[in-house]
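A.B. asks: Quick one: this structure, given as structure tokens, is what I'll be asking you about.
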Amino acid sequence: MSGHGDAQPMTARKSAPLKGVAQVPGDKSISHRALILGAMAVGETRITGLLEGQDVLDTAKAMRAFGAEVTQHAPGEWSVHGVGVGGFREPDNVIDCGNSGTGVRLIMGCMATTAMTATFTGDASLRKRPMGRVTDPLSLFGARAYGRAGGRLPMTIVGAADPVPVRYVVPVPSAQVKSAVLLAGLNAPGQTVVIEREATRDHSERMLAGFGATLSVERTSEGNVITLTGQPELRPQAVAVPRDPSSAAFPVCAALIVEGSDILVPGVSQNPTRNGLFTTLVEMGADIVFENPREEGGEPVADLRVRFSGSLKGIEVPPERAPSMIDEYPILSVVAANATGTTVMRGVKELRVKESDRIDAMARGLEACGVRIEEDEDTLIVHGMGAGGVPGGATAATHLDHRIAMSFLICGMAAKAPVSVDDASPIVTSFPIFEGLMTRLGATLEHG
Ligand SMILES: O=C(O)C1=C[C@@H](OP(=O)(O)O)[C@@H](O)[C@H](O)C1
Ligand SMILES: C=C(OP(=O)(O)O)C(=O)O
């Protein structure tokens with residue numbers, strides 16, 4: 001697990017043109033959900049393309065602790081023998097979700113309406129993140145939460161013995177909160193209703209329907225109204241996990257800023273709740289061709305042909321686009337530093353409660369690389385220096401955050417002088433093959 005081993009410094013030098021095909025791993029959000037819903041179905045779910053990143057491996061381990069049989073058959077090929085909704089057994093030890101907000105919040109949701117007690121913890125990053133956003137709605141079902149000050153881990157959840165269904169308006173745009181409430185609603189009798197004012201990633205809704213839950217989504221002036229009927233018998237599925245657009249973002253953005261690059265990134269999700277980065281890059285003038293649009297694993301996908309784009313322009317990213325690209329602002333800010341003009345990212349305060357405070361981590365690291373930044377609580381503004389114009393020659397602090405580590409390594413691939421990160425070890429949480437994949441495309445990454 002990241003944060004428990006030694007820090008692994010890494011340095012990126014100015015890269016030769018990136019060329020070739022970048023096959024990124026399975027989607028992290030969908031991988032967590034496949035394991036969790038597999039554990040709540042009756043019988044055997046088969047999963048192909050599962051992301052074998054540490055976050056997902058920690059969720060697999062947690063599902064075993066709740067009584068499901070979870071087995072790896074070959075790389076990416078897994079089976080889950082589920083115990084049914086309400087069939088979890090009480091874990092006999094603390095559940096350690098490592099670095100994963102998605103893991104801990106979704107798992108709290110799916111045990112909160114079963115009569116049992118479970119204690120959760122995580123690494124130094126996860127122990128700082130707010131859990132009240134899920135324990136508040138879980139308490140409406142009748143669950144109780146006992147954690148550290150500010151709703152932090154370690155935290156014990158006492159599941160509701162007699163859960164009641166809930167109607168809940170999600171106060172922050174968060175797919176994790178929405179999903180925790182829906183998963184808790186599975187074991188409450190009657191209809192649980194979740195209302196989200198701003199659409200967030202919809203993988204839980206798609207997968208719950210796929211596993212046979214009765215669920216409807218109504219788009220109203222209030223937002224999306226999701227109604228779930230409790231206590232279904234979930235049917236095991238064959239789940240083909242599509243590639244992760246949040247991982248694809250890294251080779252795509254690297255190719256845009258490393259001179260002479262021309263790469264193909266196959267099977268990138270075009271799900272409108274996930275593709276905000278690609279829309280933004282095209283608005284900035286990126287040379288991206290969306291080839292061969294099709295469906296894979298129930299998601300719309302395309303192959304992205306990406307070429308170096310030497311005349312990117314700074315833009316104002318519409319704040320309402322934030323939920324569809326929330327994990328991509330760190331790498332977008334690196335692209336923005338290589339554009340001409342100013343890129344304004346407003347409505348992004350959720351970035352402050354991720355694996356690190358991502359506004360602060362990007363602002364401090366880019367400043368150290370010679371880029372002018374402005375920020376406030378909810379805003380990040382990057383003053384671009386044009387293609388190849390970032391001076392670099394600095395070390396960025398990654399604060400146990402995989403996306404900060406990958407973003408600064410890509411920054412170094414296009415900067416005048418090398419860029420280092422103090423710790424690349426968290427990259428295994430979401431993109432364990434990052435170093436090998438980027439090196440094969442032509443990047444120069446050095447340990448130390
Ligand atoms: O539901 C999910 O799988 C995720 C939701 C998002 O978090 P929030 O729900 O906190 O916005 C995102 O940042 C995270 O990487 C994955
Ligand atoms: C925010 C992220 O993940 P999580 O919330 O699951 O830790 C992420 O992967 O960028």
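In the structure tokens, each chain is lettered A, B, ... as it comes, each chain's residues begin at 1, and ligands are numbered from 1 in order of appearance.
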Within 9 Å of ligand 2, which residues show up when you count only C-alpha atoms and all ligand atoms? List them as a short mmCIF file (atom, residue, chain, number, x, y, z; two decimals) with C-alpha atoms, in the first residue's frame, please.

C.D. replies:
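Okay, this is what ended up in selection-v7.cif:
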```cif
data_model
loop_
_atom_site.label_atom_id
_atom_site.label_comp_id
_atom_site.auth_asym_id
_atom_site.auth_seq_id
_atom_site.Cartn_x
_atom_site.Cartn_y
_atom_site.Cartn_z
CA LYS A 28 -10.81 2.23 -11.60
CA SER A 29 -14.37 3.37 -10.82
CA ASP A 55 -6.95 0.77 -4.73
CA GLY A 98 -5.35 2.08 1.59
CA ASN A 99 -5.39 5.25 -0.53
CA SER A 100 -8.91 4.82 -1.90
CA GLY A 101 -11.77 7.24 -1.25
CA THR A 102 -14.00 5.33 -3.64
CA GLY A 103 -13.25 2.01 -1.91
CA VAL A 104 -13.95 3.14 1.63
CA ARG A 105 -17.03 5.24 0.85
CA SER A 125 -3.84 10.51 2.81
CA LEU A 126 -7.19 8.74 3.25
CA GLN A 176 -19.02 8.41 -4.26
CA SER A 246 -8.63 9.17 -16.34
CA ILE A 326 -12.75 16.19 -11.76
CA ASP A 327 -9.67 13.92 -11.65
CA GLU A 328 -8.16 15.51 -14.77
CA LEU A 351 -10.03 19.17 -5.66
CA VAL A 353 -10.43 16.98 -0.62
CA LYS A 354 -8.90 14.38 -2.94
CA GLU A 355 -5.80 12.27 -2.16
CA SER A 356 -4.15 15.67 -1.59
CA ASP A 401 -1.30 11.51 -4.66
CA HIS A 402 -0.91 9.39 -7.81
CA ARG A 403 -2.37 12.03 -10.13
CA THR A 429 -2.98 2.86 -6.91
CA SER A 430 -4.49 3.63 -10.35
#
```

A.B. asks: Give me the residues near Val301 (chain A) as a PyMOL selection string, where near means some atom within 12 Å (using only C-alpha atoms) and where sequence neighbours in that chain fewer than 2 positions away do not count.

C.D. replies: chain A and resi 241-245+248+265-272+274-275+290-299+303-304

A.B. asks: With DSSP run on the backbone, what are the strand (DSSP E) residues within region 58-132 of chain A? I'd like them as an mmCIF file with C-alpha atoms, in the first residue's frame.

C.D. replies:
```
data_model
loop_
_atom_site.group_PDB
_atom_site.id
_atom_site.type_symbol
_atom_site.label_atom_id
_atom_site.label_comp_id
_atom_site.auth_asym_id
_atom_site.auth_seq_id
_atom_site.Cartn_x
_atom_site.Cartn_y
_atom_site.Cartn_z
ATOM 1 C CA GLU A 69 -14.975 -15.375 -2.533
ATOM 2 C CA VAL A 70 -12.787 -13.249 -4.799
ATOM 3 C CA THR A 71 -10.293 -15.038 -7.058
ATOM 4 C CA GLN A 72 -7.791 -13.953 -9.700
ATOM 5 C CA HIS A 73 -7.608 -16.481 -12.564
ATOM 6 C CA ALA A 74 -5.240 -14.643 -14.928
ATOM 7 C CA GLU A 77 -9.527 -11.996 -15.097
ATOM 8 C CA TRP A 78 -11.314 -12.366 -11.807
ATOM 9 C CA SER A 79 -14.358 -14.057 -10.345
ATOM 10 C CA VAL A 80 -16.471 -13.042 -7.373
ATOM 11 C CA HIS A 81 -18.731 -15.533 -5.659
ATOM 12 C CA GLY A 82 -21.278 -13.224 -4.071
ATOM 13 C CA VAL A 83 -23.284 -13.657 -0.866
ATOM 14 C CA ILE A 95 -10.876 -2.936 6.854
ATOM 15 C CA ASP A 96 -7.885 -1.058 5.399
ATOM 16 C CA THR A 117 -20.193 -3.508 12.886
ATOM 17 C CA ALA A 118 -17.107 -2.750 10.808
ATOM 18 C CA THR A 119 -14.127 -0.483 11.391
ATOM 19 C CA PHE A 120 -12.398 1.241 8.469
ATOM 20 C CA THR A 121 -9.019 2.873 8.053
#
```

A.B. asks: Pick out the residues sitting within 9 Å of Thr444 (chain A), and hand them over as number ranges by chain; count only C-alpha atoms, and ignore anything fewer than 6 positions along from it in its own chain.

C.D. replies: A: 11-16, 413, 438

A.B. asks: When DSSP is applied to the backbone of this structure, which of region 134-345 of chain A are assigned alpha helix (DSSP H)? Write them out as a ChimeraX atom specification.

C.D. replies: /A:134-140,175-185,203-210,245-257,276-283,329-337

A.B. asks: Of the candidates A:Asp287, A:Glu44, A:Asp262, A:Glu350, which one gets nearest to ligand 1 if we count only C-alpha atoms and all ligand atoms?

C.D. replies: A:Glu350

A.B. asks: Tell me which of A:Ser139, A:Ser179, A:Thr192, A:Asn93 sits closest to ligand 1, counting only C-alpha atoms and all ligand atoms.

C.D. replies: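 Ranking A:Ser139, A:Ser179, A:Thr192, A:Asn93 by distance to ligand 1, first place goes to A:Ser179.
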
A.B. asks: Find the residues near region 218-233 of chain A: any atom within 10 Å, counting only C-alpha atoms, skip ones fewer than 5 places away on the same chain, and give them as a PDB file with N, CA and C atoms, in the first residue's frame.

C.D. replies:
```
ATOM      1  N   MET A  40     -22.356  -8.653  -3.863  1.00  0.00           N
ATOM      2  CA  MET A  40     -23.747  -8.519  -3.393  1.00  0.00           C
ATOM      3  C   MET A  40     -24.738  -9.291  -4.260  1.00  0.00           C
ATOM      4  N   ALA A  41     -24.226  -9.972  -5.306  1.00  0.00           N
ATOM      5  CA  ALA A  41     -25.097 -10.802  -6.147  1.00  0.00           C
ATOM      6  C   ALA A  41     -25.071 -12.231  -5.588  1.00  0.00           C
ATOM      7  N   VAL A  42     -26.000 -13.046  -6.048  1.00  0.00           N
ATOM      8  CA  VAL A  42     -26.023 -14.447  -5.610  1.00  0.00           C
ATOM      9  C   VAL A  42     -25.419 -15.277  -6.724  1.00  0.00           C
ATOM     10  N   GLY A  84     -25.028 -12.224  -1.805  1.00  0.00           N
ATOM     11  CA  GLY A  84     -26.383 -11.665  -1.875  1.00  0.00           C
ATOM     12  C   GLY A  84     -26.529 -10.403  -1.044  1.00  0.00           C
ATOM     13  N   VAL A  85     -27.511  -9.565  -1.442  1.00  0.00           N
ATOM     14  CA  VAL A  85     -27.827  -8.336  -0.693  1.00  0.00           C
ATOM     15  C   VAL A  85     -28.217  -8.741   0.732  1.00  0.00           C
ATOM     16  N   GLY A  86     -27.580  -8.126   1.737  1.00  0.00           N
ATOM     17  CA  GLY A  86     -27.877  -8.468   3.136  1.00  0.00           C
ATOM     18  C   GLY A  86     -27.139  -9.709   3.617  1.00  0.00           C
ATOM     19  N   VAL A 164     -34.422   1.861   7.153  1.00  0.00           N
ATOM     20  CA  VAL A 164     -35.580   2.473   6.481  1.00  0.00           C
ATOM     21  C   VAL A 164     -35.069   3.096   5.176  1.00  0.00           C
ATOM     22  N   PRO A 165     -35.889   3.157   4.119  1.00  0.00           N
ATOM     23  CA  PRO A 165     -35.418   3.778   2.879  1.00  0.00           C
ATOM     24  C   PRO A 165     -35.292   5.287   3.055  1.00  0.00           C
ATOM     25  N   ARG A 167     -34.722   9.388   1.265  1.00  0.00           N
ATOM     26  CA  ARG A 167     -34.752  10.318   0.130  1.00  0.00           C
ATOM     27  C   ARG A 167     -33.672  11.341   0.417  1.00  0.00           C
ATOM     28  N   TYR A 168     -32.677  11.463  -0.461  1.00  0.00           N
ATOM     29  CA  TYR A 168     -31.501  12.270  -0.123  1.00  0.00           C
ATOM     30  C   TYR A 168     -31.061  13.125  -1.296  1.00  0.00           C
ATOM     31  N   VAL A 169     -30.927  14.426  -1.035  1.00  0.00           N
ATOM     32  CA  VAL A 169     -30.386  15.345  -2.040  1.00  0.00           C
ATOM     33  C   VAL A 169     -28.889  15.471  -1.760  1.00  0.00           C
ATOM     34  N   LYS A 178     -23.295   9.616  -3.898  1.00  0.00           N
ATOM     35  CA  LYS A 178     -24.471   9.046  -4.580  1.00  0.00           C
ATOM     36  C   LYS A 178     -24.438   7.523  -4.522  1.00  0.00           C
ATOM     37  N   LEU A 182     -26.964   4.704  -2.761  1.00  0.00           N
ATOM     38  CA  LEU A 182     -27.645   3.672  -3.563  1.00  0.00           C
ATOM     39  C   LEU A 182     -27.297   2.270  -3.047  1.00  0.00           C
ATOM     40  N   LEU A 183     -26.029   2.049  -2.705  1.00  0.00           N
ATOM     41  CA  LEU A 183     -25.626   0.716  -2.225  1.00  0.00           C
ATOM     42  C   LEU A 183     -26.279   0.413  -0.882  1.00  0.00           C
ATOM     43  N   ALA A 184     -26.399   1.432  -0.015  1.00  0.00           N
ATOM     44  CA  ALA A 184     -27.094   1.232   1.251  1.00  0.00           C
ATOM     45  C   ALA A 184     -28.574   0.943   0.992  1.00  0.00           C
ATOM     46  N   GLY A 185     -29.142   1.643   0.009  1.00  0.00           N
ATOM     47  CA  GLY A 185     -30.556   1.460  -0.335  1.00  0.00           C
ATOM     48  C   GLY A 185     -30.872   0.048  -0.796  1.00  0.00           C
ATOM     49  N   LEU A 186     -29.873  -0.677  -1.268  1.00  0.00           N
ATOM     50  CA  LEU A 186     -30.123  -2.047  -1.735  1.00  0.00           C
ATOM     51  C   LEU A 186     -30.720  -2.920  -0.639  1.00  0.00           C
ATOM     52  N   ASN A 187     -30.270  -2.709   0.627  1.00  0.00           N
ATOM     53  CA  ASN A 187     -30.786  -3.587   1.683  1.00  0.00           C
ATOM     54  C   ASN A 187     -31.827  -2.905   2.570  1.00  0.00           C
ATOM     55  N   ALA A 188     -32.408  -1.799   2.077  1.00  0.00           N
ATOM     56  CA  ALA A 188     -33.506  -1.170   2.825  1.00  0.00           C
ATOM     57  C   ALA A 188     -34.810  -1.500   2.085  1.00  0.00           C
ATOM     58  N   PRO A 189     -35.877  -1.848   2.809  1.00  0.00           N
ATOM     59  CA  PRO A 189     -37.127  -2.166   2.113  1.00  0.00           C
ATOM     60  C   PRO A 189     -37.716  -0.892   1.495  1.00  0.00           C
ATOM     61  N   GLY A 190     -38.385  -1.013   0.359  1.00  0.00           N
ATOM     62  CA  GLY A 190     -39.029   0.170  -0.247  1.00  0.00           C
ATOM     63  C   GLY A 190     -38.077   0.939  -1.131  1.00  0.00           C
ATOM     64  N   GLN A 191     -38.487   2.181  -1.453  1.00  0.00           N
ATOM     65  CA  GLN A 191     -37.760   2.943  -2.465  1.00  0.00           C
ATOM     66  C   GLN A 191     -36.812   3.977  -1.864  1.00  0.00           C
ATOM     67  N   THR A 192     -35.565   3.888  -2.237  1.00  0.00           N
ATOM     68  CA  THR A 192     -34.580   4.908  -1.875  1.00  0.00           C
ATOM     69  C   THR A 192     -34.427   5.845  -3.064  1.00  0.00           C
ATOM     70  N   VAL A 193     -34.467   7.150  -2.770  1.00  0.00           N
ATOM     71  CA  VAL A 193     -34.382   8.148  -3.842  1.00  0.00           C
ATOM     72  C   VAL A 193     -33.166   9.028  -3.593  1.00  0.00           C
ATOM     73  N   VAL A 194     -32.322   9.153  -4.607  1.00  0.00           N
ATOM     74  CA  VAL A 194     -31.148  10.029  -4.524  1.00  0.00           C
ATOM     75  C   VAL A 194     -31.298  11.103  -5.595  1.00  0.00           C
ATOM     76  N   ILE A 195     -31.115  12.350  -5.185  1.00  0.00           N
ATOM     77  CA  ILE A 195     -31.232  13.456  -6.149  1.00  0.00           C
ATOM     78  C   ILE A 195     -29.879  14.144  -6.257  1.00  0.00           C
ATOM     79  N   GLU A 196     -29.356  14.221  -7.472  1.00  0.00           N
ATOM     80  CA  GLU A 196     -28.106  14.973  -7.657  1.00  0.00           C
ATOM     81  C   GLU A 196     -28.388  16.138  -8.592  1.00  0.00           C
ATOM     82  N   ARG A 197     -28.012  17.341  -8.119  1.00  0.00           N
ATOM     83  CA  ARG A 197     -28.291  18.546  -8.911  1.00  0.00           C
ATOM     84  C   ARG A 197     -27.394  18.593 -10.130  1.00  0.00           C
ATOM     85  N   GLU A 198     -26.138  18.169  -9.954  1.00  0.00           N
ATOM     86  CA  GLU A 198     -25.202  18.146 -11.086  1.00  0.00           C
ATOM     87  C   GLU A 198     -24.881  16.688 -11.384  1.00  0.00           C
ATOM     88  N   ALA A 199     -24.944  16.311 -12.655  1.00  0.00           N
ATOM     89  CA  ALA A 199     -24.691  14.912 -13.017  1.00  0.00           C
ATOM     90  C   ALA A 199     -23.235  14.548 -12.719  1.00  0.00           C
ATOM     91  N   THR A 200     -23.044  13.407 -12.039  1.00  0.00           N
ATOM     92  CA  THR A 200     -21.701  12.876 -11.818  1.00  0.00           C
ATOM     93  C   THR A 200     -21.623  11.500 -12.489  1.00  0.00           C
ATOM     94  N   GLU A 205     -25.241   3.497 -11.434  1.00  0.00           N
ATOM     95  CA  GLU A 205     -26.584   3.328 -11.973  1.00  0.00           C
ATOM     96  C   GLU A 205     -26.581   2.300 -13.117  1.00  0.00           C
ATOM     97  N   LEU A 208     -25.830  -1.236 -11.569  1.00  0.00           N
ATOM     98  CA  LEU A 208     -26.946  -1.763 -10.765  1.00  0.00           C
ATOM     99  C   LEU A 208     -28.042  -2.295 -11.689  1.00  0.00           C
ATOM    100  N   ALA A 209     -28.352  -1.538 -12.741  1.00  0.00           N
ATOM    101  CA  ALA A 209     -29.370  -2.000 -13.698  1.00  0.00           C
ATOM    102  C   ALA A 209     -28.900  -3.294 -14.358  1.00  0.00           C
ATOM    103  N   PHE A 211     -27.035  -5.606 -13.115  1.00  0.00           N
ATOM    104  CA  PHE A 211     -27.125  -6.724 -12.159  1.00  0.00           C
ATOM    105  C   PHE A 211     -28.583  -7.035 -11.802  1.00  0.00           C
ATOM    106  N   GLY A 212     -29.537  -6.317 -12.420  1.00  0.00           N
ATOM    107  CA  GLY A 212     -30.949  -6.678 -12.247  1.00  0.00           C
ATOM    108  C   GLY A 212     -31.681  -5.896 -11.177  1.00  0.00           C
ATOM    109  N   ALA A 213     -31.069  -4.830 -10.635  1.00  0.00           N
ATOM    110  CA  ALA A 213     -31.805  -3.998  -9.668  1.00  0.00           C
ATOM    111  C   ALA A 213     -32.866  -3.195 -10.416  1.00  0.00           C
TER     112      ALA A 213
END
```

A.B. asks: Would you mind listing what lies within 9 Å of region 329-332 of chain A as a ChimeraX atom specification, with only C-alpha atoms counted and same-chain residues fewer than 6 positions away left out?

C.D. replies: /A:249-250,253,277,280-281,322,345,348,351,358-359,361-362,403-404,406-408,410-411

A.B. asks: Next, write the just-selected residues to a file, as a PDB file, in the first residue's frame, keeping C-alpha atoms as the atom set.

C.D. replies:
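Contents of selection-v4.pdb, as written:
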```pdb
ATOM      1  CA  ALA A 249      -5.500  11.400 -19.947  1.00  0.00           C
ATOM      2  CA  PHE A 250      -1.779  11.057 -19.109  1.00  0.00           C
ATOM      3  CA  CYS A 253      -1.707  15.066 -22.625  1.00  0.00           C
ATOM      4  CA  LEU A 277     -11.087  16.693 -20.378  1.00  0.00           C
ATOM      5  CA  THR A 280     -11.649  20.911 -23.064  1.00  0.00           C
ATOM      6  CA  LEU A 281      -8.486  19.881 -24.917  1.00  0.00           C
ATOM      7  CA  ALA A 322     -16.082  19.972 -13.468  1.00  0.00           C
ATOM      8  CA  MET A 345     -10.488  26.633 -13.871  1.00  0.00           C
ATOM      9  CA  VAL A 348     -13.019  23.195  -8.530  1.00  0.00           C
ATOM     10  CA  LEU A 351     -10.033  19.170  -5.664  1.00  0.00           C
ATOM     11  CA  ARG A 358      -4.776  19.178  -5.614  1.00  0.00           C
ATOM     12  CA  ILE A 359      -5.130  22.958  -6.144  1.00  0.00           C
ATOM     13  CA  ALA A 361      -0.152  20.673  -4.896  1.00  0.00           C
ATOM     14  CA  MET A 362      -0.365  21.788  -8.547  1.00  0.00           C
ATOM     15  CA  ARG A 403      -2.370  12.030 -10.125  1.00  0.00           C
ATOM     16  CA  ILE A 404       0.008  14.734  -8.845  1.00  0.00           C
ATOM     17  CA  MET A 406       2.005  11.471 -12.932  1.00  0.00           C
ATOM     18  CA  SER A 407       1.178  15.099 -13.811  1.00  0.00           C
ATOM     19  CA  PHE A 408       4.622  16.400 -12.810  1.00  0.00           C
ATOM     20  CA  ILE A 410       4.614  14.530 -17.760  1.00  0.00           C
ATOM     21  CA  CYS A 411       5.435  18.169 -17.085  1.00  0.00           C
TER      22      CYS A 411
END
```

A.B. asks: Residues near Asp136 (chain A), anyone? I mean within 12 Å using only C-alpha atoms, not counting same-chain ones fewer than 2 positions away, as a list in words.

C.D. replies: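 Counting only C-alpha atoms, the residues come to Arg105, Met108, Gly109, Ala112, Pro130, Met131, Gly132, Arg133, Val134, Leu138, Ser139, Leu140, Phe141, Gly142, Ala143, Arg144, Ala145, Tyr146, Gly151, Ile157, Val166, Tyr168, Val169, Val170, Pro171, Val177, Ala180 and Val181 of chain A.
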
A.B. asks: So which one's closest to ligand 1, A:Pro173, A:Gly49, A:Gly276, A:Gly314? Using only C-alpha atoms and all ligand atoms, please.

C.D. replies: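 Smallest separation from ligand 1 among the options: A:Pro173.
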